[in-house]
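For reference, start.cif is printed below; it contains mmCIF, N, CA and C atoms.
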```
data_input
#
loop_
_atom_site.label_atom_id
_atom_site.label_comp_id
_atom_site.auth_asym_id
_atom_site.auth_seq_id
_atom_site.Cartn_x
_atom_site.Cartn_y
_atom_site.Cartn_z
N MET A 1 0.83 -1.19 0.00
CA MET A 1 0.00 0.00 0.00
C MET A 1 0.88 1.25 0.00
N SER A 2 0.48 2.24 -0.74
CA SER A 2 1.19 3.52 -0.80
C SER A 2 0.98 4.30 0.49
N ARG A 3 1.90 5.22 0.72
CA ARG A 3 1.87 6.04 1.93
C ARG A 3 2.10 7.49 1.50
N ALA A 4 1.43 8.42 2.19
CA ALA A 4 1.65 9.84 1.94
C ALA A 4 1.99 10.52 3.26
N ASP A 5 3.08 11.26 3.26
CA ASP A 5 3.50 12.01 4.44
C ASP A 5 3.36 13.50 4.17
N TYR A 6 2.69 14.18 5.07
CA TYR A 6 2.52 15.62 5.00
C TYR A 6 3.29 16.23 6.16
N TYR A 7 4.34 16.98 5.83
CA TYR A 7 5.17 17.65 6.84
C TYR A 7 4.72 19.10 6.90
N ILE A 8 4.20 19.50 8.04
CA ILE A 8 3.64 20.84 8.20
C ILE A 8 4.65 21.71 8.95
N LEU A 9 5.12 22.75 8.27
CA LEU A 9 6.10 23.65 8.84
C LEU A 9 5.43 24.91 9.38
N ALA A 10 6.07 25.57 10.32
CA ALA A 10 5.54 26.81 10.89
C ALA A 10 5.74 28.00 9.95
N GLU A 11 6.78 27.91 9.12
CA GLU A 11 7.14 29.03 8.26
C GLU A 11 6.25 29.11 7.02
N ALA A 12 6.32 30.27 6.36
CA ALA A 12 5.52 30.49 5.16
C ALA A 12 6.38 30.68 3.91
N ASP A 13 7.70 30.69 4.05
CA ASP A 13 8.56 31.05 2.92
C ASP A 13 9.12 29.84 2.17
N ARG A 14 9.49 30.07 0.94
CA ARG A 14 10.02 29.04 0.06
C ARG A 14 11.36 28.50 0.57
N ASP A 15 12.21 29.39 1.10
CA ASP A 15 13.53 28.95 1.57
C ASP A 15 13.41 27.93 2.70
N SER A 16 12.49 28.15 3.63
CA SER A 16 12.29 27.18 4.73
C SER A 16 11.82 25.84 4.18
N ARG A 17 10.97 25.89 3.19
CA ARG A 17 10.47 24.66 2.55
C ARG A 17 11.62 23.90 1.89
N GLU A 18 12.49 24.63 1.20
CA GLU A 18 13.61 23.99 0.52
C GLU A 18 14.67 23.48 1.50
N GLN A 19 14.89 24.20 2.59
CA GLN A 19 15.84 23.74 3.61
C GLN A 19 15.34 22.43 4.22
N PHE A 20 14.05 22.37 4.52
CA PHE A 20 13.46 21.14 5.06
C PHE A 20 13.57 20.02 4.03
N LEU A 21 13.31 20.33 2.78
CA LEU A 21 13.43 19.35 1.70
C LEU A 21 14.83 18.73 1.70
N CYS A 22 15.84 19.55 1.81
CA CYS A 22 17.22 19.06 1.78
C CYS A 22 17.50 18.11 2.94
N ARG A 23 17.06 18.48 4.13
CA ARG A 23 17.26 17.60 5.30
C ARG A 23 16.49 16.29 5.12
N LEU A 24 15.28 16.39 4.60
CA LEU A 24 14.47 15.19 4.36
C LEU A 24 15.12 14.28 3.32
N CYS A 25 15.66 14.86 2.27
CA CYS A 25 16.34 14.07 1.23
C CYS A 25 17.51 13.31 1.83
N GLU A 26 18.27 13.93 2.69
CA GLU A 26 19.40 13.24 3.33
C GLU A 26 18.91 12.01 4.10
N LYS A 27 17.80 12.17 4.82
CA LYS A 27 17.26 11.05 5.61
C LYS A 27 16.73 9.93 4.70
N VAL A 28 16.04 10.29 3.64
CA VAL A 28 15.49 9.28 2.73
C VAL A 28 16.63 8.55 2.01
N LEU A 29 17.65 9.28 1.61
CA LEU A 29 18.80 8.65 0.96
C LEU A 29 19.49 7.67 1.90
N ALA A 30 19.56 8.01 3.18
CA ALA A 30 20.18 7.11 4.17
C ALA A 30 19.41 5.79 4.28
N LEU A 31 18.14 5.80 3.89
CA LEU A 31 17.32 4.58 3.89
C LEU A 31 17.50 3.79 2.59
N GLY A 32 18.29 4.33 1.67
CA GLY A 32 18.54 3.64 0.40
C GLY A 32 17.45 3.80 -0.64
N LYS A 33 16.61 4.80 -0.48
CA LYS A 33 15.51 5.03 -1.42
C LYS A 33 15.90 6.06 -2.47
N ARG A 34 15.32 5.93 -3.66
CA ARG A 34 15.48 6.91 -4.72
C ARG A 34 14.33 7.90 -4.65
N ILE A 35 14.61 9.13 -5.05
CA ILE A 35 13.65 10.22 -4.88
C ILE A 35 13.43 10.93 -6.21
N TYR A 36 12.17 11.23 -6.49
CA TYR A 36 11.82 12.13 -7.58
C TYR A 36 11.19 13.36 -6.96
N ILE A 37 11.74 14.54 -7.25
CA ILE A 37 11.17 15.81 -6.76
C ILE A 37 10.47 16.48 -7.92
N HIS A 38 9.16 16.66 -7.77
CA HIS A 38 8.33 17.25 -8.82
C HIS A 38 8.08 18.72 -8.50
N VAL A 39 8.43 19.59 -9.45
CA VAL A 39 8.20 21.03 -9.29
C VAL A 39 7.32 21.54 -10.42
N SER A 40 6.93 22.80 -10.33
CA SER A 40 5.94 23.33 -11.25
C SER A 40 6.44 23.64 -12.66
N ASP A 41 7.71 24.05 -12.81
CA ASP A 41 8.19 24.43 -14.14
C ASP A 41 9.72 24.39 -14.19
N GLU A 42 10.26 24.66 -15.38
CA GLU A 42 11.71 24.60 -15.60
C GLU A 42 12.48 25.60 -14.73
N THR A 43 11.90 26.76 -14.49
CA THR A 43 12.54 27.75 -13.62
C THR A 43 12.75 27.18 -12.23
N GLU A 44 11.74 26.48 -11.72
CA GLU A 44 11.84 25.86 -10.40
C GLU A 44 12.84 24.70 -10.41
N VAL A 45 12.92 23.97 -11.51
CA VAL A 45 13.90 22.89 -11.64
C VAL A 45 15.30 23.48 -11.45
N GLU A 46 15.60 24.55 -12.18
CA GLU A 46 16.92 25.18 -12.11
C GLU A 46 17.20 25.75 -10.73
N ARG A 47 16.21 26.38 -10.13
CA ARG A 47 16.37 26.96 -8.79
C ARG A 47 16.69 25.88 -7.77
N LEU A 48 15.94 24.79 -7.81
CA LEU A 48 16.14 23.71 -6.85
C LEU A 48 17.48 23.00 -7.11
N ASP A 49 17.85 22.85 -8.35
CA ASP A 49 19.14 22.27 -8.70
C ASP A 49 20.27 23.06 -8.02
N THR A 50 20.22 24.37 -8.12
CA THR A 50 21.23 25.23 -7.49
C THR A 50 21.20 25.09 -5.98
N HIS A 51 20.01 25.06 -5.42
CA HIS A 51 19.87 24.95 -3.95
C HIS A 51 20.44 23.63 -3.43
N LEU A 52 20.18 22.54 -4.11
CA LEU A 52 20.68 21.24 -3.65
C LEU A 52 22.21 21.17 -3.72
N TRP A 53 22.81 21.84 -4.69
CA TRP A 53 24.27 21.85 -4.78
C TRP A 53 24.89 22.66 -3.65
N SER A 54 24.19 23.66 -3.16
CA SER A 54 24.77 24.56 -2.17
C SER A 54 24.14 24.43 -0.78
N PHE A 55 23.43 23.35 -0.54
CA PHE A 55 22.72 23.16 0.73
C PHE A 55 23.64 23.31 1.93
N ARG A 56 24.77 22.63 1.91
CA ARG A 56 25.74 22.72 3.00
C ARG A 56 27.12 22.98 2.41
N ALA A 57 27.92 23.71 3.15
CA ALA A 57 29.27 24.02 2.68
C ALA A 57 30.15 22.79 2.61
N ASP A 58 29.90 21.81 3.48
CA ASP A 58 30.77 20.63 3.56
C ASP A 58 30.26 19.43 2.76
N ALA A 59 29.13 19.55 2.11
CA ALA A 59 28.57 18.42 1.37
C ALA A 59 27.52 18.93 0.38
N PHE A 60 27.09 18.04 -0.51
CA PHE A 60 26.00 18.36 -1.42
C PHE A 60 25.06 17.16 -1.46
N ILE A 61 23.90 17.38 -1.99
CA ILE A 61 22.92 16.30 -2.10
C ILE A 61 23.00 15.78 -3.54
N PRO A 62 23.34 14.48 -3.73
CA PRO A 62 23.51 13.94 -5.09
C PRO A 62 22.20 13.92 -5.86
N HIS A 63 22.16 14.69 -6.92
CA HIS A 63 20.94 14.81 -7.71
C HIS A 63 21.27 15.11 -9.15
N VAL A 64 20.25 15.02 -9.98
CA VAL A 64 20.38 15.34 -11.40
C VAL A 64 19.01 15.82 -11.88
N ILE A 65 19.02 16.65 -12.90
CA ILE A 65 17.77 17.03 -13.55
C ILE A 65 17.32 15.83 -14.38
N LEU A 66 16.06 15.46 -14.23
CA LEU A 66 15.52 14.28 -14.90
C LEU A 66 15.84 14.30 -16.39
N GLY A 67 16.37 13.17 -16.86
CA GLY A 67 16.71 13.02 -18.27
C GLY A 67 18.15 13.36 -18.59
N LYS A 68 18.88 13.90 -17.63
CA LYS A 68 20.29 14.23 -17.85
C LYS A 68 21.16 13.13 -17.27
N THR A 69 22.43 13.13 -17.64
CA THR A 69 23.37 12.15 -17.11
C THR A 69 24.48 12.90 -16.40
N PRO A 70 25.21 12.27 -15.51
CA PRO A 70 25.06 10.87 -15.08
C PRO A 70 23.85 10.73 -14.15
N SER A 71 23.51 9.50 -13.85
CA SER A 71 22.35 9.27 -12.99
C SER A 71 22.70 9.61 -11.55
N ALA A 72 21.67 9.80 -10.74
CA ALA A 72 21.83 10.12 -9.32
C ALA A 72 20.60 9.59 -8.59
N PRO A 73 20.70 9.40 -7.27
CA PRO A 73 19.56 8.86 -6.52
C PRO A 73 18.39 9.84 -6.38
N ILE A 74 18.64 11.12 -6.69
CA ILE A 74 17.57 12.13 -6.64
C ILE A 74 17.47 12.75 -8.03
N GLU A 75 16.23 12.81 -8.52
CA GLU A 75 15.98 13.44 -9.82
C GLU A 75 14.95 14.55 -9.62
N ILE A 76 15.16 15.66 -10.30
CA ILE A 76 14.24 16.80 -10.24
C ILE A 76 13.60 16.96 -11.60
N GLY A 77 12.28 17.15 -11.63
CA GLY A 77 11.62 17.33 -12.91
C GLY A 77 10.30 18.06 -12.79
N CYS A 78 9.70 18.29 -13.95
CA CYS A 78 8.38 18.92 -14.02
C CYS A 78 7.65 18.37 -15.24
N GLY A 79 6.42 18.74 -15.39
CA GLY A 79 5.66 18.28 -16.55
C GLY A 79 5.30 16.80 -16.47
N GLU A 80 5.27 16.15 -17.63
CA GLU A 80 4.80 14.77 -17.72
C GLU A 80 5.90 13.72 -17.57
N GLN A 81 7.16 14.10 -17.74
CA GLN A 81 8.25 13.14 -17.67
C GLN A 81 8.41 12.63 -16.24
N ARG A 82 8.70 11.31 -16.10
CA ARG A 82 8.87 10.68 -14.80
C ARG A 82 10.13 9.84 -14.78
N PRO A 83 10.65 9.55 -13.59
CA PRO A 83 11.85 8.71 -13.48
C PRO A 83 11.52 7.25 -13.78
N ASP A 84 12.56 6.41 -13.81
CA ASP A 84 12.35 4.98 -14.08
C ASP A 84 12.08 4.18 -12.81
N HIS A 85 11.78 4.86 -11.72
CA HIS A 85 11.43 4.18 -10.47
C HIS A 85 10.13 4.77 -9.93
N GLN A 86 9.55 4.10 -8.95
CA GLN A 86 8.34 4.59 -8.30
C GLN A 86 8.51 4.46 -6.79
N GLU A 87 9.61 5.00 -6.28
CA GLU A 87 9.89 4.90 -4.85
C GLU A 87 9.32 6.09 -4.09
N VAL A 88 10.00 7.23 -4.08
CA VAL A 88 9.55 8.39 -3.30
C VAL A 88 9.28 9.56 -4.25
N PHE A 89 8.08 10.10 -4.17
CA PHE A 89 7.64 11.24 -4.99
C PHE A 89 7.45 12.42 -4.05
N ILE A 90 8.34 13.43 -4.15
CA ILE A 90 8.19 14.64 -3.35
C ILE A 90 7.57 15.70 -4.23
N ASN A 91 6.41 16.18 -3.83
CA ASN A 91 5.67 17.14 -4.64
C ASN A 91 5.88 18.56 -4.12
N LEU A 92 6.56 19.38 -4.92
CA LEU A 92 6.70 20.80 -4.59
C LEU A 92 5.85 21.67 -5.51
N ALA A 93 5.17 21.04 -6.47
CA ALA A 93 4.21 21.76 -7.31
C ALA A 93 2.91 21.87 -6.52
N LEU A 94 2.00 22.67 -6.97
CA LEU A 94 0.74 22.79 -6.23
C LEU A 94 -0.13 21.55 -6.42
N GLN A 95 -0.35 21.14 -7.66
CA GLN A 95 -1.20 19.99 -7.91
C GLN A 95 -0.38 18.71 -7.93
N LEU A 96 -0.89 17.71 -7.25
CA LEU A 96 -0.26 16.39 -7.25
C LEU A 96 -0.69 15.65 -8.51
N PRO A 97 0.25 15.30 -9.40
CA PRO A 97 -0.13 14.60 -10.63
C PRO A 97 -0.75 13.23 -10.33
N GLU A 98 -1.64 12.81 -11.19
CA GLU A 98 -2.35 11.54 -11.01
C GLU A 98 -1.39 10.35 -10.90
N ASP A 99 -0.31 10.35 -11.68
CA ASP A 99 0.59 9.21 -11.67
C ASP A 99 1.47 9.15 -10.40
N ALA A 100 1.42 10.16 -9.57
CA ALA A 100 2.13 10.11 -8.28
C ALA A 100 1.58 9.00 -7.39
N PHE A 101 0.31 8.65 -7.59
CA PHE A 101 -0.32 7.62 -6.75
C PHE A 101 0.31 6.24 -6.95
N ALA A 102 1.07 6.06 -8.01
CA ALA A 102 1.73 4.78 -8.27
C ALA A 102 3.02 4.62 -7.47
N PHE A 103 3.52 5.70 -6.87
CA PHE A 103 4.76 5.64 -6.11
C PHE A 103 4.52 5.01 -4.73
N GLU A 104 5.58 4.42 -4.17
CA GLU A 104 5.49 3.82 -2.83
C GLU A 104 5.17 4.87 -1.77
N ARG A 105 5.75 6.04 -1.94
CA ARG A 105 5.58 7.08 -0.93
C ARG A 105 5.46 8.43 -1.61
N ILE A 106 4.50 9.22 -1.15
CA ILE A 106 4.30 10.59 -1.61
C ILE A 106 4.63 11.49 -0.43
N VAL A 107 5.32 12.59 -0.70
CA VAL A 107 5.67 13.54 0.35
C VAL A 107 5.24 14.94 -0.08
N GLU A 108 4.58 15.63 0.83
CA GLU A 108 4.23 17.04 0.63
C GLU A 108 4.83 17.82 1.80
N ILE A 109 5.46 18.95 1.51
CA ILE A 109 6.00 19.83 2.53
C ILE A 109 5.12 21.07 2.55
N VAL A 110 4.39 21.24 3.64
CA VAL A 110 3.36 22.27 3.75
C VAL A 110 3.90 23.47 4.51
N VAL A 111 3.88 24.63 3.87
CA VAL A 111 4.24 25.88 4.55
C VAL A 111 2.99 26.73 4.72
N GLN A 112 3.07 27.72 5.58
CA GLN A 112 1.91 28.54 5.92
C GLN A 112 1.69 29.66 4.91
N ASP A 113 1.49 29.25 3.68
CA ASP A 113 1.18 30.14 2.56
C ASP A 113 -0.19 29.73 2.05
N ALA A 114 -1.08 30.69 1.86
CA ALA A 114 -2.48 30.37 1.51
C ALA A 114 -2.59 29.48 0.28
N GLU A 115 -1.81 29.76 -0.76
CA GLU A 115 -1.89 28.96 -1.99
C GLU A 115 -1.40 27.52 -1.74
N VAL A 116 -0.30 27.37 -1.03
CA VAL A 116 0.24 26.04 -0.73
C VAL A 116 -0.71 25.29 0.20
N LEU A 117 -1.25 25.96 1.20
CA LEU A 117 -2.19 25.30 2.12
C LEU A 117 -3.42 24.78 1.38
N GLY A 118 -3.99 25.60 0.52
CA GLY A 118 -5.17 25.18 -0.23
C GLY A 118 -4.88 23.99 -1.13
N ALA A 119 -3.76 24.05 -1.83
CA ALA A 119 -3.40 22.97 -2.76
C ALA A 119 -3.10 21.67 -2.02
N THR A 120 -2.36 21.75 -0.91
CA THR A 120 -2.03 20.52 -0.19
C THR A 120 -3.25 19.92 0.51
N ARG A 121 -4.20 20.74 0.88
CA ARG A 121 -5.46 20.19 1.42
C ARG A 121 -6.19 19.36 0.36
N LEU A 122 -6.24 19.89 -0.85
CA LEU A 122 -6.87 19.14 -1.95
C LEU A 122 -6.09 17.86 -2.24
N ASN A 123 -4.77 17.94 -2.25
CA ASN A 123 -3.94 16.76 -2.50
C ASN A 123 -4.14 15.71 -1.40
N TYR A 124 -4.27 16.17 -0.16
CA TYR A 124 -4.52 15.27 0.97
C TYR A 124 -5.85 14.52 0.77
N GLN A 125 -6.88 15.26 0.37
CA GLN A 125 -8.19 14.64 0.11
C GLN A 125 -8.11 13.63 -1.02
N ARG A 126 -7.36 13.96 -2.07
CA ARG A 126 -7.21 13.03 -3.20
C ARG A 126 -6.49 11.76 -2.76
N CYS A 127 -5.45 11.90 -1.93
CA CYS A 127 -4.74 10.72 -1.42
C CYS A 127 -5.68 9.86 -0.57
N ARG A 128 -6.45 10.52 0.30
CA ARG A 128 -7.41 9.79 1.13
C ARG A 128 -8.42 9.05 0.26
N ASP A 129 -8.91 9.71 -0.78
CA ASP A 129 -9.89 9.08 -1.68
C ASP A 129 -9.29 7.89 -2.44
N GLN A 130 -7.98 7.90 -2.64
CA GLN A 130 -7.28 6.79 -3.31
C GLN A 130 -6.98 5.64 -2.35
N GLY A 131 -7.28 5.82 -1.06
CA GLY A 131 -7.02 4.78 -0.08
C GLY A 131 -5.57 4.72 0.37
N ILE A 132 -4.85 5.80 0.17
CA ILE A 132 -3.43 5.85 0.56
C ILE A 132 -3.33 6.08 2.07
N GLU A 133 -2.40 5.38 2.70
CA GLU A 133 -2.15 5.53 4.13
C GLU A 133 -1.58 6.93 4.38
N LEU A 134 -2.26 7.73 5.18
CA LEU A 134 -1.88 9.13 5.39
C LEU A 134 -1.17 9.33 6.72
N HIS A 135 -0.11 10.15 6.69
CA HIS A 135 0.63 10.49 7.91
C HIS A 135 0.81 12.00 7.94
N ARG A 136 0.37 12.60 9.02
CA ARG A 136 0.49 14.05 9.22
C ARG A 136 1.60 14.29 10.23
N ASN A 137 2.65 15.00 9.82
CA ASN A 137 3.80 15.26 10.67
C ASN A 137 3.87 16.76 10.94
N ASP A 138 3.40 17.17 12.11
CA ASP A 138 3.35 18.58 12.45
C ASP A 138 4.70 19.01 13.02
N MET A 139 5.52 19.60 12.18
CA MET A 139 6.85 20.03 12.57
C MET A 139 6.82 21.33 13.38
N ARG A 140 5.68 21.99 13.44
CA ARG A 140 5.57 23.24 14.21
C ARG A 140 5.81 22.97 15.69
N GLN A 141 5.46 21.77 16.15
CA GLN A 141 5.62 21.43 17.56
C GLN A 141 7.05 21.04 17.89
N ARG A 142 7.90 20.85 16.88
CA ARG A 142 9.28 20.37 17.10
C ARG A 142 10.29 21.50 16.91
N GLN A 143 9.81 22.68 16.56
CA GLN A 143 10.75 23.77 16.28
C GLN A 143 10.92 24.67 17.48
#
```
Output the file's structure in the form of structure tokens.
Amino acid sequence: MSRADYYILAEADRDSREQFLCRLCEKVLALGKRIYIHVSDETEVERLDTHLWSFRADAFIPHVILGKTPSAPIEIGCGEQRPDHQEVFINLALQLPEDAFAFERIVEIVVQDAEVLGATRLNYQRCRDQGIELHRNDMRQRQ
């Protein structure tokens, strides 16, 4: 059965969302899982690519833009193209694509922005309607 994790942050800004994404990617990679990060458009692909390379001064997060070489355990993409695995789907776009439901795990990082909150609520309802096991992780209580 598929699983969806919703990580709810106290912050409302994009940088906090991306910082959390980087820490989460490190943890998922430590579990030996491959990750696909879905964003809204090519501009976001490039922005996230830069952020992942510069996340920490002493290390980087191994990734590649989907369709480019060499391969890496994390792929970033947008549109209809998907990776050759269905392990972890991290959605940073507003709408969760229908084919995300085929992945073992879906992840949404929720920030306190009206547009993101509205979209992730709809995505949560869609996951529930698909019978996906839902997990709500309120990070506001841990900060």
Please run DSSP on the backbone and report, as a VMD selection string, all residues within range 10-135 of chain A that come out as alpha helix (DSSP H). chain A and resid 14 to 30 42 to 53 114 to 129
So that I have them on file, write out the residues from the current selection with N, CA and C atoms, as a short mmCIF file (atom, residue, chain, number, x, y, z; two decimals), in the frame of the given file.
```cif
data_model
loop_
_atom_site.label_atom_id
_atom_site.label_comp_id
_atom_site.auth_asym_id
_atom_site.auth_seq_id
_atom_site.Cartn_x
_atom_site.Cartn_y
_atom_site.Cartn_z
N ARG A 14 9.49 30.07 0.94
CA ARG A 14 10.02 29.04 0.06
C ARG A 14 11.36 28.50 0.57
N ASP A 15 12.21 29.39 1.10
CA ASP A 15 13.53 28.95 1.57
C ASP A 15 13.41 27.93 2.70
N SER A 16 12.49 28.15 3.63
CA SER A 16 12.29 27.18 4.73
C SER A 16 11.82 25.84 4.18
N ARG A 17 10.97 25.89 3.19
CA ARG A 17 10.47 24.66 2.55
C ARG A 17 11.62 23.90 1.89
N GLU A 18 12.49 24.63 1.20
CA GLU A 18 13.61 23.99 0.52
C GLU A 18 14.67 23.48 1.50
N GLN A 19 14.89 24.20 2.59
CA GLN A 19 15.84 23.74 3.61
C GLN A 19 15.34 22.43 4.22
N PHE A 20 14.05 22.37 4.52
CA PHE A 20 13.46 21.14 5.06
C PHE A 20 13.57 20.02 4.03
N LEU A 21 13.31 20.33 2.78
CA LEU A 21 13.43 19.35 1.70
C LEU A 21 14.83 18.73 1.70
N CYS A 22 15.84 19.55 1.81
CA CYS A 22 17.22 19.06 1.78
C CYS A 22 17.50 18.11 2.94
N ARG A 23 17.06 18.48 4.13
CA ARG A 23 17.26 17.60 5.30
C ARG A 23 16.49 16.29 5.12
N LEU A 24 15.28 16.39 4.60
CA LEU A 24 14.47 15.19 4.36
C LEU A 24 15.12 14.28 3.32
N CYS A 25 15.66 14.86 2.27
CA CYS A 25 16.34 14.07 1.23
C CYS A 25 17.51 13.31 1.83
N GLU A 26 18.27 13.93 2.69
CA GLU A 26 19.40 13.24 3.33
C GLU A 26 18.91 12.01 4.10
N LYS A 27 17.80 12.17 4.82
CA LYS A 27 17.26 11.05 5.61
C LYS A 27 16.73 9.93 4.70
N VAL A 28 16.04 10.29 3.64
CA VAL A 28 15.49 9.28 2.73
C VAL A 28 16.63 8.55 2.01
N LEU A 29 17.65 9.28 1.61
CA LEU A 29 18.80 8.65 0.96
C LEU A 29 19.49 7.67 1.90
N ALA A 30 19.56 8.01 3.18
CA ALA A 30 20.18 7.11 4.17
C ALA A 30 19.41 5.79 4.28
N GLU A 42 10.26 24.66 -15.38
CA GLU A 42 11.71 24.60 -15.60
C GLU A 42 12.48 25.60 -14.73
N THR A 43 11.90 26.76 -14.49
CA THR A 43 12.54 27.75 -13.62
C THR A 43 12.75 27.18 -12.23
N GLU A 44 11.74 26.48 -11.72
CA GLU A 44 11.84 25.86 -10.40
C GLU A 44 12.84 24.70 -10.41
N VAL A 45 12.92 23.97 -11.51
CA VAL A 45 13.90 22.89 -11.64
C VAL A 45 15.30 23.48 -11.45
N GLU A 46 15.60 24.55 -12.18
CA GLU A 46 16.92 25.18 -12.11
C GLU A 46 17.20 25.75 -10.73
N ARG A 47 16.21 26.38 -10.13
CA ARG A 47 16.37 26.96 -8.79
C ARG A 47 16.69 25.88 -7.77
N LEU A 48 15.94 24.79 -7.81
CA LEU A 48 16.14 23.71 -6.85
C LEU A 48 17.48 23.00 -7.11
N ASP A 49 17.85 22.85 -8.35
CA ASP A 49 19.14 22.27 -8.70
C ASP A 49 20.27 23.06 -8.02
N THR A 50 20.22 24.37 -8.12
CA THR A 50 21.23 25.23 -7.49
C THR A 50 21.20 25.09 -5.98
N HIS A 51 20.01 25.06 -5.42
CA HIS A 51 19.87 24.95 -3.95
C HIS A 51 20.44 23.63 -3.43
N LEU A 52 20.18 22.54 -4.11
CA LEU A 52 20.68 21.24 -3.65
C LEU A 52 22.21 21.17 -3.72
N TRP A 53 22.81 21.84 -4.69
CA TRP A 53 24.27 21.85 -4.78
C TRP A 53 24.89 22.66 -3.65
N ALA A 114 -1.08 30.69 1.86
CA ALA A 114 -2.48 30.37 1.51
C ALA A 114 -2.59 29.48 0.28
N GLU A 115 -1.81 29.76 -0.76
CA GLU A 115 -1.89 28.96 -1.99
C GLU A 115 -1.40 27.52 -1.74
N VAL A 116 -0.30 27.37 -1.03
CA VAL A 116 0.24 26.04 -0.73
C VAL A 116 -0.71 25.29 0.20
N LEU A 117 -1.25 25.96 1.20
CA LEU A 117 -2.19 25.30 2.12
C LEU A 117 -3.42 24.78 1.38
N GLY A 118 -3.99 25.60 0.52
CA GLY A 118 -5.17 25.18 -0.23
C GLY A 118 -4.88 23.99 -1.13
N ALA A 119 -3.76 24.05 -1.83
CA ALA A 119 -3.40 22.97 -2.76
C ALA A 119 -3.10 21.67 -2.02
N THR A 120 -2.36 21.75 -0.91
CA THR A 120 -2.03 20.52 -0.19
C THR A 120 -3.25 19.92 0.51
N ARG A 121 -4.20 20.74 0.88
CA ARG A 121 -5.46 20.19 1.42
C ARG A 121 -6.19 19.36 0.36
N LEU A 122 -6.24 19.89 -0.85
CA LEU A 122 -6.87 19.14 -1.95
C LEU A 122 -6.09 17.86 -2.24
N ASN A 123 -4.77 17.94 -2.25
CA ASN A 123 -3.94 16.76 -2.50
C ASN A 123 -4.14 15.71 -1.40
N TYR A 124 -4.27 16.17 -0.16
CA TYR A 124 -4.52 15.27 0.97
C TYR A 124 -5.85 14.52 0.77
N GLN A 125 -6.88 15.26 0.37
CA GLN A 125 -8.19 14.64 0.11
C GLN A 125 -8.11 13.63 -1.02
N ARG A 126 -7.36 13.96 -2.07
CA ARG A 126 -7.21 13.03 -3.20
C ARG A 126 -6.49 11.76 -2.76
N CYS A 127 -5.45 11.90 -1.93
CA CYS A 127 -4.74 10.72 -1.42
C CYS A 127 -5.68 9.86 -0.57
N ARG A 128 -6.45 10.52 0.30
CA ARG A 128 -7.41 9.79 1.13
C ARG A 128 -8.42 9.05 0.26
N ASP A 129 -8.91 9.71 -0.78
CA ASP A 129 -9.89 9.08 -1.68
C ASP A 129 -9.29 7.89 -2.44
#
```
Determine the nearest neighbour of Leu21 in chain A from the options A:Ala114, A:Leu122, A:Gln81, A:Ile109, counting all atoms listed in the file. A:Ile109
So the first atom is CA of Ser71 in chain A and the second is atom C of Tyr36 in chain A; what is the distance between them in Å, to one decimal place?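 Taking CA of Ser71 in chain A as the start and atom C of Tyr36 in chain A as the end point, the length is 13.3 Å.
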List the residues selected by the PyMOL selection byres ((chain A and resi 82-89) around 8) in the file shown, writing them as a PyMOL selection string. chain A and resi 33-38+66-67+75+77-81+90-92+100+102-108
Using all atoms listed in the file, I'd like a table of the residues in range 1-99 of chain A that come within 6.5 Å of range 126-137 of chain A; for each, show the closest atom pair and its distance in Å rounded to one decimal, ordered by chain and ascending number, as a tab-separated table.
```
residue	atom	partner	partner_atom	distance
A:Met1	C	A:Glu133	N	5.9
A:Ser2	C	A:Glu133	N	4.2
A:Arg3	CA	A:Glu133	C	4.3
A:Ala4	N	A:Glu133	C	4.0
A:Asp5	CA	A:His135	C	4.4
A:Tyr6	C	A:Asn137	N	3.9
A:Tyr7	CA	A:Asn137	C	4.4
A:Ile8	N	A:Asn137	C	4.0
```
Expressed in Å to a single decimal, how great is the separation between CA of Gln19 in chain A and CA of Pro70 in chain A? 24.5 Å
Could you check how far atom C of Leu117 in chain A sits from CA of Phe55 in chain A, in Å to one decimal?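 Computing it gives 26.2 Å between the two atoms.
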Written as a ChimeraX atom specification, what is the full residue list that the PyMOL selection byres (((chain A and resi 52 and name CA) around 12) and name CA) yields on the file shown? /A:15,18-26,37,45-51,53-57,59-65,74-76
With a distance cut-off of 8 Å and all atoms listed in the file, select the neighbouring residues of Gln141 in chain A, excluding the residue or stretch itself and same-chain residues fewer than 2 positions from it, and output the selection as a PyMOL selection string. chain A and resi 8-10+137-139+143
Could you give me the residues within chain A that DSSP places in strand (DSSP E or B), as number ranges by chain? A: 3-8, 35-38, 56, 59, 63-65, 74-77, 88-91, 105-110, 133-138
